[in-house]
$ cat coords.cif   # mmCIF, C-alpha atoms
data_upload
#
loop_
_atom_site.group_PDB
_atom_site.id
_atom_site.type_symbol
_atom_site.label_atom_id
_atom_site.label_comp_id
_atom_site.auth_asym_id
_atom_site.auth_seq_id
_atom_site.Cartn_x
_atom_site.Cartn_y
_atom_site.Cartn_z
ATOM 1 C CA LYS V 1 -7.677 -16.277 53.227
ATOM 2 C CA GLN V 2 -9.879 -19.182 52.190
ATOM 3 C CA ARG V 3 -12.180 -16.901 50.211
ATOM 4 C CA TRP V 4 -9.410 -16.432 47.644
ATOM 5 C CA LYS V 5 -9.274 -20.178 47.051
ATOM 6 C CA ASP V 6 -11.938 -21.154 44.550
ATOM 7 C CA HIS V 7 -12.584 -23.552 41.695
ATOM 8 C CA TYR V 8 -10.437 -21.567 39.247
ATOM 9 C CA SER V 9 -7.508 -21.316 41.649
ATOM 10 C CA GLU V 10 -7.516 -25.066 42.174
ATOM 11 C CA GLN V 11 -7.875 -25.698 38.442
ATOM 12 C CA ALA V 12 -4.921 -23.396 37.685
ATOM 13 C CA ARG V 13 -2.770 -25.306 40.155
ATOM 14 C CA LYS V 14 -3.715 -28.653 38.593
ATOM 15 C CA GLU V 15 -3.054 -27.371 35.076
ATOM 16 C CA HIS V 16 0.283 -25.813 36.121
ATOM 17 C CA TYR V 17 -0.579 -22.166 35.506
ATOM 18 C CA PRO V 18 0.836 -19.602 37.972
ATOM 19 C CA ALA V 19 -2.523 -17.836 38.462
ATOM 20 C CA ARG V 20 -6.278 -18.237 37.975
ATOM 21 C CA SER V 21 -6.289 -15.251 35.610
ATOM 22 C CA VAL V 22 -5.533 -17.610 32.722
ATOM 23 C CA TYR V 23 -9.218 -18.571 32.566
ATOM 24 C CA LYS V 24 -10.223 -14.994 31.763
ATOM 25 C CA LEU V 25 -8.015 -15.152 28.670
ATOM 26 C CA LYS V 26 -9.330 -18.623 27.821
ATOM 27 C CA GLU V 27 -12.919 -17.337 27.928
ATOM 28 C CA ALA V 28 -12.047 -14.329 25.777
ATOM 29 C CA GLN V 29 -10.270 -16.533 23.257
ATOM 30 C CA LYS V 30 -13.201 -18.947 23.077
ATOM 31 C CA LYS V 31 -15.591 -16.063 22.409
ATOM 32 C CA PHE V 32 -13.532 -13.867 20.059
ATOM 33 C CA ARG V 33 -10.866 -16.188 18.530
ATOM 34 C CA PHE V 34 -8.377 -13.349 18.176
ATOM 35 C CA ILE V 35 -5.185 -15.382 18.829
ATOM 36 C CA LYS V 36 -4.186 -17.727 16.028
ATOM 37 C CA ARG V 37 -1.383 -20.142 15.218
ATOM 38 C CA GLY V 38 1.766 -18.256 14.220
ATOM 39 C CA HIS V 39 0.649 -14.934 15.728
ATOM 40 C CA ARG V 40 2.927 -12.486 17.516
ATOM 41 C CA ILE V 41 1.548 -11.504 20.915
ATOM 42 C CA PHE V 42 2.523 -8.613 23.227
ATOM 43 C CA ASP V 43 1.486 -9.177 26.867
ATOM 44 C CA LEU V 44 1.544 -6.068 29.082
ATOM 45 C CA GLY V 45 1.990 -6.608 32.805
ATOM 46 C CA CYS V 46 2.709 -10.271 32.128
ATOM 47 C CA SER V 47 3.756 -11.439 35.623
ATOM 48 C CA PRO V 48 3.283 -14.104 36.959
ATOM 49 C CA GLY V 49 3.066 -15.624 33.463
ATOM 50 C CA SER V 50 -0.261 -17.437 33.043
ATOM 51 C CA TRP V 51 -1.286 -15.417 29.982
ATOM 52 C CA LEU V 52 2.174 -15.898 28.468
ATOM 53 C CA LEU V 53 1.884 -19.667 28.797
ATOM 54 C CA TYR V 54 -1.603 -19.902 27.338
ATOM 55 C CA ALA V 55 -0.867 -17.469 24.500
ATOM 56 C CA ALA V 56 2.225 -19.521 23.626
ATOM 57 C CA GLU V 57 0.065 -22.660 23.488
ATOM 58 C CA LEU V 58 -2.230 -20.922 21.003
ATOM 59 C CA THR V 59 0.482 -19.468 18.760
ATOM 60 C CA GLY V 60 2.565 -22.645 18.652
ATOM 61 C CA GLN V 61 6.276 -22.725 17.916
ATOM 62 C CA GLN V 62 5.825 -20.660 14.755
ATOM 63 C CA GLY V 63 4.491 -17.754 16.829
ATOM 64 C CA ARG V 64 6.083 -15.426 19.344
ATOM 65 C CA VAL V 65 4.896 -14.167 22.715
ATOM 66 C CA LEU V 66 6.683 -11.247 24.356
ATOM 67 C CA GLY V 67 5.760 -10.099 27.840
ATOM 68 C CA VAL V 68 6.791 -6.946 29.691
ATOM 69 C CA ASP V 69 6.565 -6.279 33.414
ATOM 70 C CA LEU V 70 8.511 -4.668 36.235
ATOM 71 C CA LYS V 71 8.279 -7.990 38.082
ATOM 72 C CA SER V 72 10.195 -11.094 37.057
ATOM 73 C CA VAL V 73 8.373 -14.090 35.609
ATOM 74 C CA THR V 74 9.732 -17.190 37.315
ATOM 75 C CA CYS V 75 7.691 -19.936 35.643
ATOM 76 C CA GLN V 76 9.340 -21.927 32.868
ATOM 77 C CA LEU V 77 8.385 -20.588 29.454
ATOM 78 C CA PRO V 78 8.419 -22.390 26.099
ATOM 79 C CA PRO V 79 10.957 -21.299 23.429
ATOM 80 C CA GLN V 80 8.470 -19.018 21.643
ATOM 81 C CA ALA V 81 7.838 -16.940 24.782
ATOM 82 C CA GLU V 82 10.143 -14.452 26.487
ATOM 83 C CA THR V 83 9.955 -11.454 28.814
ATOM 84 C CA LEU V 84 11.544 -8.037 29.134
ATOM 85 C CA LYS V 85 11.678 -5.873 32.246
ATOM 86 C CA ALA V 86 10.119 -2.526 31.446
ATOM 87 C CA ASP V 87 7.796 0.080 32.931
ATOM 88 C CA VAL V 88 4.695 0.148 30.730
ATOM 89 C CA LEU V 89 4.157 3.828 31.581
ATOM 90 C CA THR V 90 7.521 4.777 30.015
ATOM 91 C CA ILE V 91 7.343 2.720 26.800
ATOM 92 C CA ASP V 92 7.356 5.043 23.781
ATOM 93 C CA ARG V 93 8.052 4.985 20.049
ATOM 94 C CA ALA V 94 11.829 5.148 20.636
ATOM 95 C CA TRP V 95 11.588 1.982 22.781
ATOM 96 C CA PHE V 96 9.780 0.148 19.993
ATOM 97 C CA GLU V 97 12.279 1.314 17.404
ATOM 98 C CA GLN V 98 15.213 0.281 19.598
ATOM 99 C CA GLN V 99 13.700 -3.197 20.044
ATOM 100 C CA ASP V 100 12.727 -3.328 16.338
ATOM 101 C CA LEU V 101 9.121 -4.023 17.352
ATOM 102 C CA LEU V 102 7.191 -1.148 15.768
ATOM 103 C CA ASN V 103 3.943 -2.472 14.196
ATOM 104 C CA HIS V 104 5.226 -5.993 14.842
ATOM 105 C CA PHE V 105 2.370 -7.685 16.721
ATOM 106 C CA ASP V 106 -0.976 -9.258 15.866
ATOM 107 C CA VAL V 107 -2.425 -8.979 19.381
ATOM 108 C CA VAL V 108 -1.812 -6.811 22.461
ATOM 109 C CA LEU V 109 -3.006 -8.190 25.798
ATOM 110 C CA SER V 110 -3.366 -6.250 29.044
ATOM 111 C CA ASP V 111 -4.546 -7.714 32.329
ATOM 112 C CA MET V 112 -2.883 -4.856 34.187
ATOM 113 C CA ALA V 113 -4.414 -3.502 37.367
ATOM 114 C CA PRO V 114 -3.268 -0.802 39.788
ATOM 115 C CA ALA V 115 -2.418 -1.475 43.402
ATOM 116 C CA THR V 116 -5.870 -1.020 44.915
ATOM 117 C CA THR V 117 -6.519 1.532 47.659
ATOM 118 C CA GLY V 118 -10.042 0.521 48.659
ATOM 119 C CA ASN V 119 -11.369 3.776 47.212
ATOM 120 C CA LYS V 120 -13.334 2.708 44.126
ATOM 121 C CA MET V 121 -13.065 6.080 42.391
ATOM 122 C CA VAL V 122 -9.303 6.294 42.901
ATOM 123 C CA ASP V 123 -8.806 2.685 41.800
ATOM 124 C CA ALA V 124 -10.939 3.213 38.677
ATOM 125 C CA THR V 125 -8.973 6.338 37.741
ATOM 126 C CA ARG V 126 -5.658 4.534 38.145
ATOM 127 C CA SER V 127 -6.961 1.646 36.069
ATOM 128 C CA PHE V 128 -8.019 4.114 33.366
ATOM 129 C CA GLN V 129 -4.494 5.560 33.304
ATOM 130 C CA LEU V 130 -3.019 2.095 32.784
ATOM 131 C CA CYS V 131 -5.524 1.448 30.014
ATOM 132 C CA GLN V 132 -4.583 4.699 28.303
ATOM 133 C CA ALA V 133 -0.961 3.542 28.369
ATOM 134 C CA ALA V 134 -1.978 0.128 26.991
ATOM 135 C CA LEU V 135 -3.914 1.741 24.137
ATOM 136 C CA LYS V 136 -1.004 4.040 23.294
ATOM 137 C CA ILE V 137 1.282 0.997 23.212
ATOM 138 C CA ALA V 138 -1.195 -0.903 21.050
ATOM 139 C CA GLU V 139 -1.087 1.936 18.497
ATOM 140 C CA MET V 140 2.667 1.447 18.209
ATOM 141 C CA ALA V 141 2.797 -2.331 18.577
ATOM 142 C CA LEU V 142 -0.033 -3.578 16.372
ATOM 143 C CA LYS V 143 -0.067 -4.349 12.702
ATOM 144 C CA PRO V 144 -3.110 -2.994 10.833
ATOM 145 C CA GLY V 145 -5.943 -5.470 11.442
ATOM 146 C CA GLY V 146 -4.596 -6.489 14.867
ATOM 147 C CA SER V 147 -6.512 -6.998 18.121
ATOM 148 C CA LEU V 148 -6.486 -5.645 21.682
ATOM 149 C CA LEU V 149 -7.791 -7.192 24.910
ATOM 150 C CA CYS V 150 -7.596 -4.755 27.815
ATOM 151 C CA LYS V 151 -8.887 -4.928 31.387
ATOM 152 C CA ILE V 152 -10.346 -1.829 33.020
ATOM 153 C CA PHE V 153 -12.093 -1.159 36.329
ATOM 154 C CA GLN V 154 -15.590 0.203 35.824
ATOM 155 C CA GLY V 155 -15.803 3.878 36.758
ATOM 156 C CA GLU V 156 -16.475 7.341 35.385
ATOM 157 C CA GLU V 157 -13.775 7.026 32.691
ATOM 158 C CA PHE V 158 -14.907 3.630 31.398
ATOM 159 C CA GLU V 159 -17.077 5.018 28.574
ATOM 160 C CA GLU V 160 -14.276 7.336 27.468
ATOM 161 C CA PHE V 161 -11.851 4.431 27.179
ATOM 162 C CA SER V 162 -14.368 2.216 25.404
ATOM 163 C CA GLU V 163 -15.020 4.968 22.857
ATOM 164 C CA SER V 164 -11.280 5.444 22.321
ATOM 165 C CA VAL V 165 -10.950 1.757 21.454
ATOM 166 C CA GLY V 166 -13.959 2.017 19.146
ATOM 167 C CA GLU V 167 -12.295 4.869 17.239
ATOM 168 C CA ARG V 168 -9.146 2.842 16.589
ATOM 169 C CA PHE V 169 -10.633 -0.580 15.806
ATOM 170 C CA ARG V 170 -13.259 -1.636 13.289
ATOM 171 C CA LYS V 171 -15.078 -3.679 15.948
ATOM 172 C CA HIS V 172 -15.086 -3.374 19.695
ATOM 173 C CA ARG V 173 -16.956 -5.245 22.395
ATOM 174 C CA ILE V 174 -17.311 -5.276 26.171
ATOM 175 C CA PHE V 175 -16.700 -8.600 27.884
ATOM 176 C CA LYS V 176 -17.080 -9.799 31.484
ATOM 177 C CA PRO V 177 -15.559 -13.287 32.006
ATOM 178 C CA ARG V 178 -17.380 -15.727 34.240
ATOM 179 C CA SER V 179 -14.044 -16.425 35.918
ATOM 180 C CA SER V 180 -13.765 -12.825 37.165
ATOM 181 C CA ARG V 181 -14.361 -12.712 40.897
ATOM 182 C CA ARG V 182 -17.948 -11.827 41.744
ATOM 183 C CA GLU V 183 -16.938 -8.770 43.756
ATOM 184 C CA SER V 184 -14.522 -7.522 41.078
ATOM 185 C CA LYS V 185 -15.265 -4.309 39.132
ATOM 186 C CA GLU V 186 -13.051 -5.430 36.268
ATOM 187 C CA ILE V 187 -14.363 -5.667 32.736
ATOM 188 C CA PHE V 188 -12.576 -6.180 29.428
ATOM 189 C CA VAL V 189 -12.673 -4.093 26.279
ATOM 190 C CA VAL V 190 -11.958 -6.006 23.074
ATOM 191 C CA GLY V 191 -10.859 -4.291 19.878
ATOM 192 C CA LYS V 192 -10.571 -6.171 16.569
ATOM 193 C CA GLY V 193 -9.386 -4.846 13.227
ATOM 194 C CA TYR V 194 -6.900 -2.136 14.205
ATOM 195 C CA ARG V 195 -7.172 0.704 11.713
ATOM 196 C CA GLY V 196 -3.445 1.411 11.718
ATOM 197 C CA TYR V 197 -3.607 5.095 12.620
ATOM 198 C CA TYR V 198 -0.112 5.131 14.032
ATOM 199 C CA THR V 199 1.453 3.975 10.753
ATOM 200 C CA LYS V 200 0.155 7.175 9.094
ATOM 201 C CA ILE V 201 2.151 9.503 11.347
#

$ encode --input "coords.cif" --output "structure tokens"
Amino acid sequence: KQRWKDHYSEQARKEHYPARSVYKLKEAQKKFRFIKRGHRIFDLGCSPGSWLLYAAELTGQQGRVLGVDLKSVTCQLPPQAETLKADVLTIDRAWFEQQDLLNHFDVVLSDMAPATTGNKMVDATRSFQLCQAALKIAEMALKPGGSLLCKIFQGEEFEEFSESVGERFRKHRIFKPRSSRRESKEIFVVGKGYRGYYTKI
């Protein structure tokens, strides 16, 4: 169990974040500066809430951070942050229209990961499926010009997903945070400048 306790875990505890994953978002923000004051942020798979808290710090009270997850977020959130219980795999256009959230957001975040099986190929495929869902949601959620940060496990489908992001955003980059665990196969795809394809349908 001790191997899971590292510098980032201890730092998260001291800074009152629920999980060490916050430092991956902090590194991405430092490098790409895609979250700004007053932005509206959509956080997919938001539990336990570290990304919600940090995104809310960046947007300030004039912004809004909405998280969705099947699990409850129990940490105390600031007024500009809230959560909804939803299955990311079932979110569609009707859901966005019902919530009045279609093309509402400046940034979509996804740190989602499948329950791992120990089989790297199976885990990578399941991660790819989650990423496909995240990209579909981003097409509905983002304003033209918006940004996406999405985690994926490296595998056979990685290039396909990266190319899909590249088709929908004016710029896209691959990013591996230093705070990712050394043994982790996770990597992040960053899209900036959403072309707004979905608004043309």

$ closest_residue --input "coords.cif" --among "V:Ser127, V:Thr117, V:Gln11, V:Thr83" --to "Phe161 in chain V" --atoms "only C-alpha atoms"
V:Ser127

$ residues_near_point --input "coords.cif" --point "(10.1, -2.6, 33.7)" --cutoff "8 Å" --atoms "all atoms listed in the file" --output "PyMOL selection string"
chain V and resi 68-71+84-88

$ closest_residue --input "coords.cif" --among "V:Asn103, V:Ser50, V:Ser184, V:Thr125" --to "Leu25 in chain V" --atoms "only C-alpha atoms"
V:Ser50

$ resolve_selection --input "coords.cif" --expression "the PyMOL selection byres ((chain V and resi 133-149) around 6)" --output "VMD selection string"
chain V and resid 102 to 109 130 to 132 150 189 to 196 198

$ closest_residue --input "coords.cif" --among "V:Arg33, V:Arg93, V:Lys151, V:Lys26" --to "Leu53 in chain V" --atoms "all atoms listed in the file"
V:Lys26

$ axis_aligned_box --input "coords.cif" --around "range 64-76 of chain V" --padding-each-side "6 Å" --output "lines of an AutoDock Vina configuration file"
center_x = 7.5
center_y = -13.3
center_z = 28.7
size_x = 17.3
size_y = 29.3
size_z = 30.7

$ resolve_selection --input "coords.cif" --expression "the PyMOL selection byres ((chain V and resi 39) around 8)" --output "tab-separated table (two decimals) with C-alpha atoms, in the coordinates of the input"
chain	number	residue	atom	x	y	z
V	35	ILE	CA	-5.18	-15.38	18.83
V	36	LYS	CA	-4.19	-17.73	16.03
V	37	ARG	CA	-1.38	-20.14	15.22
V	38	GLY	CA	1.77	-18.26	14.22
V	40	ARG	CA	2.93	-12.49	17.52
V	41	ILE	CA	1.55	-11.50	20.92
V	59	THR	CA	0.48	-19.47	18.76
V	62	GLN	CA	5.82	-20.66	14.76
V	63	GLY	CA	4.49	-17.75	16.83
V	64	ARG	CA	6.08	-15.43	19.34
V	105	PHE	CA	2.37	-7.68	16.72
V	106	ASP	CA	-0.98	-9.26	15.87
V	107	VAL	CA	-2.42	-8.98	19.38

$ resolve_selection --input "coords.cif" --expression "the PyMOL selection byres ((chain V and resi 175) around 12)" --output "list of chain:residue names"
V:Lys24, V:Leu25, V:Glu27, V:Ala28, V:Gln29, V:Lys30, V:Lys31, V:Phe32, V:Leu149, V:Cys150, V:Lys151, V:Ile152, V:Gln154, V:Ser162, V:His172, V:Arg173, V:Ile174, V:Lys176, V:Pro177, V:Arg178, V:Ser179, V:Ser180, V:Glu186, V:Ile187, V:Phe188, V:Val189, V:Val190, V:Gly191

$ write_last_selection --input "coords.cif" --atoms "C-alpha atoms" --output "PDB file, keeping the file's coordinate frame"
ATOM      1  CA  LYS V  24     -10.223 -14.994  31.763  1.00  0.00           C
ATOM      2  CA  LEU V  25      -8.015 -15.152  28.670  1.00  0.00           C
ATOM      3  CA  GLU V  27     -12.919 -17.337  27.928  1.00  0.00           C
ATOM      4  CA  ALA V  28     -12.047 -14.329  25.777  1.00  0.00           C
ATOM      5  CA  GLN V  29     -10.270 -16.533  23.257  1.00  0.00           C
ATOM      6  CA  LYS V  30     -13.201 -18.947  23.077  1.00  0.00           C
ATOM      7  CA  LYS V  31     -15.591 -16.063  22.409  1.00  0.00           C
ATOM      8  CA  PHE V  32     -13.532 -13.867  20.059  1.00  0.00           C
ATOM      9  CA  LEU V 149      -7.791  -7.192  24.910  1.00  0.00           C
ATOM     10  CA  CYS V 150      -7.596  -4.755  27.815  1.00  0.00           C
ATOM     11  CA  LYS V 151      -8.887  -4.928  31.387  1.00  0.00           C
ATOM     12  CA  ILE V 152     -10.346  -1.829  33.020  1.00  0.00           C
ATOM     13  CA  GLN V 154     -15.590   0.203  35.824  1.00  0.00           C
ATOM     14  CA  SER V 162     -14.368   2.216  25.404  1.00  0.00           C
ATOM     15  CA  HIS V 172     -15.086  -3.374  19.695  1.00  0.00           C
ATOM     16  CA  ARG V 173     -16.956  -5.245  22.395  1.00  0.00           C
ATOM     17  CA  ILE V 174     -17.311  -5.276  26.171  1.00  0.00           C
ATOM     18  CA  LYS V 176     -17.080  -9.799  31.484  1.00  0.00           C
ATOM     19  CA  PRO V 177     -15.559 -13.287  32.006  1.00  0.00           C
ATOM     20  CA  ARG V 178     -17.380 -15.727  34.240  1.00  0.00           C
ATOM     21  CA  SER V 179     -14.044 -16.425  35.918  1.00  0.00           C
ATOM     22  CA  SER V 180     -13.765 -12.825  37.165  1.00  0.00           C
ATOM     23  CA  GLU V 186     -13.051  -5.430  36.268  1.00  0.00           C
ATOM     24  CA  ILE V 187     -14.363  -5.667  32.736  1.00  0.00           C
ATOM     25  CA  PHE V 188     -12.576  -6.180  29.428  1.00  0.00           C
ATOM     26  CA  VAL V 189     -12.673  -4.093  26.279  1.00  0.00           C
ATOM     27  CA  VAL V 190     -11.958  -6.006  23.074  1.00  0.00           C
ATOM     28  CA  GLY V 191     -10.859  -4.291  19.878  1.00  0.00           C
TER      29      GLY V 191
END

$ decode --input "coords.cif" --residues "range 183-195 of chain V" --atoms "all heavy atoms" --output "short mmCIF file (atom, residue, chain, number, x, y, z; two decimals), in the first residue's frame"
data_model
loop_
_atom_site.label_atom_id
_atom_site.label_comp_id
_atom_site.auth_asym_id
_atom_site.auth_seq_id
_atom_site.Cartn_x
_atom_site.Cartn_y
_atom_site.Cartn_z
N GLU V 183 4.47 4.09 -13.75
CA GLU V 183 4.04 2.85 -14.40
C GLU V 183 2.75 3.03 -15.22
O GLU V 183 2.32 2.13 -15.91
CB GLU V 183 3.81 1.75 -13.35
CG GLU V 183 2.65 2.00 -12.40
CD GLU V 183 3.03 2.86 -11.19
OE1 GLU V 183 4.08 3.53 -11.23
OE2 GLU V 183 2.26 2.85 -10.21
N SER V 184 2.16 4.23 -15.15
CA SER V 184 0.89 4.47 -15.82
C SER V 184 1.05 4.59 -17.34
O SER V 184 2.00 5.20 -17.83
CB SER V 184 0.23 5.74 -15.27
OG SER V 184 -0.94 6.05 -16.00
N LYS V 185 0.08 4.05 -18.08
CA LYS V 185 0.05 4.17 -19.55
C LYS V 185 -0.79 5.35 -20.00
O LYS V 185 -1.04 5.53 -21.18
CB LYS V 185 -0.51 2.88 -20.17
CG LYS V 185 0.39 1.66 -20.00
CD LYS V 185 1.70 1.84 -20.76
CE LYS V 185 2.56 0.59 -20.67
NZ LYS V 185 3.86 0.78 -21.38
N GLU V 186 -1.23 6.17 -19.04
CA GLU V 186 -2.09 7.28 -19.41
C GLU V 186 -1.31 8.40 -20.10
O GLU V 186 -0.13 8.62 -19.84
CB GLU V 186 -2.79 7.86 -18.16
CG GLU V 186 -1.85 8.59 -17.22
CD GLU V 186 -2.55 9.11 -15.98
OE1 GLU V 186 -3.68 8.67 -15.70
OE2 GLU V 186 -1.96 9.96 -15.28
N ILE V 187 -2.00 9.06 -21.02
CA ILE V 187 -1.46 10.22 -21.69
C ILE V 187 -2.66 11.13 -21.99
O ILE V 187 -3.81 10.66 -22.03
CB ILE V 187 -0.70 9.81 -22.97
CG1 ILE V 187 0.19 10.95 -23.47
CG2 ILE V 187 -1.65 9.34 -24.05
CD1 ILE V 187 1.21 10.52 -24.50
N PHE V 188 -2.41 12.40 -22.18
CA PHE V 188 -3.52 13.33 -22.41
C PHE V 188 -3.44 13.90 -23.82
O PHE V 188 -2.37 14.21 -24.33
CB PHE V 188 -3.47 14.47 -21.39
CG PHE V 188 -3.89 14.05 -20.01
CD1 PHE V 188 -2.99 13.43 -19.16
CD2 PHE V 188 -5.19 14.24 -19.58
CE1 PHE V 188 -3.37 13.03 -17.89
CE2 PHE V 188 -5.57 13.83 -18.32
CZ PHE V 188 -4.67 13.23 -17.46
N VAL V 189 -4.62 14.03 -24.41
CA VAL V 189 -4.75 14.70 -25.71
C VAL V 189 -5.42 16.04 -25.45
O VAL V 189 -6.46 16.11 -24.79
CB VAL V 189 -5.58 13.85 -26.69
CG1 VAL V 189 -5.72 14.58 -28.03
CG2 VAL V 189 -4.93 12.49 -26.90
N VAL V 190 -4.82 17.09 -25.97
CA VAL V 190 -5.31 18.45 -25.77
C VAL V 190 -5.77 19.00 -27.12
O VAL V 190 -5.03 18.96 -28.10
CB VAL V 190 -4.20 19.37 -25.20
CG1 VAL V 190 -4.74 20.78 -24.96
CG2 VAL V 190 -3.62 18.78 -23.93
N GLY V 191 -7.00 19.49 -27.16
CA GLY V 191 -7.52 20.15 -28.35
C GLY V 191 -7.85 21.59 -28.02
O GLY V 191 -8.51 21.86 -27.02
N LYS V 192 -7.40 22.52 -28.85
CA LYS V 192 -7.71 23.95 -28.66
C LYS V 192 -8.27 24.52 -29.96
O LYS V 192 -7.79 24.20 -31.04
CB LYS V 192 -6.45 24.72 -28.24
CG LYS V 192 -5.89 24.30 -26.89
CD LYS V 192 -4.72 25.19 -26.47
CE LYS V 192 -5.21 26.56 -26.05
NZ LYS V 192 -4.08 27.39 -25.52
N GLY V 193 -9.28 25.37 -29.82
CA GLY V 193 -9.89 25.99 -30.99
C GLY V 193 -10.90 25.08 -31.65
O GLY V 193 -10.77 24.75 -32.83
N TYR V 194 -11.93 24.67 -30.91
CA TYR V 194 -12.96 23.79 -31.46
C TYR V 194 -13.59 24.42 -32.69
O TYR V 194 -13.97 25.60 -32.69
CB TYR V 194 -14.02 23.50 -30.40
CG TYR V 194 -15.19 22.69 -30.89
CD1 TYR V 194 -14.98 21.47 -31.53
CD2 TYR V 194 -16.49 23.15 -30.74
CE1 TYR V 194 -16.05 20.72 -32.00
CE2 TYR V 194 -17.57 22.40 -31.21
CZ TYR V 194 -17.34 21.20 -31.83
OH TYR V 194 -18.39 20.46 -32.31
N ARG V 195 -13.69 23.64 -33.74
CA ARG V 195 -14.18 24.17 -35.02
C ARG V 195 -15.69 24.36 -35.07
O ARG V 195 -16.22 25.02 -35.98
CB ARG V 195 -13.74 23.24 -36.16
CG ARG V 195 -12.22 23.15 -36.32
CD ARG V 195 -11.86 22.23 -37.46
NE ARG V 195 -10.44 21.99 -37.56
CZ ARG V 195 -9.57 22.80 -38.18
NH1 ARG V 195 -10.03 23.92 -38.76
NH2 ARG V 195 -8.29 22.52 -38.23
#
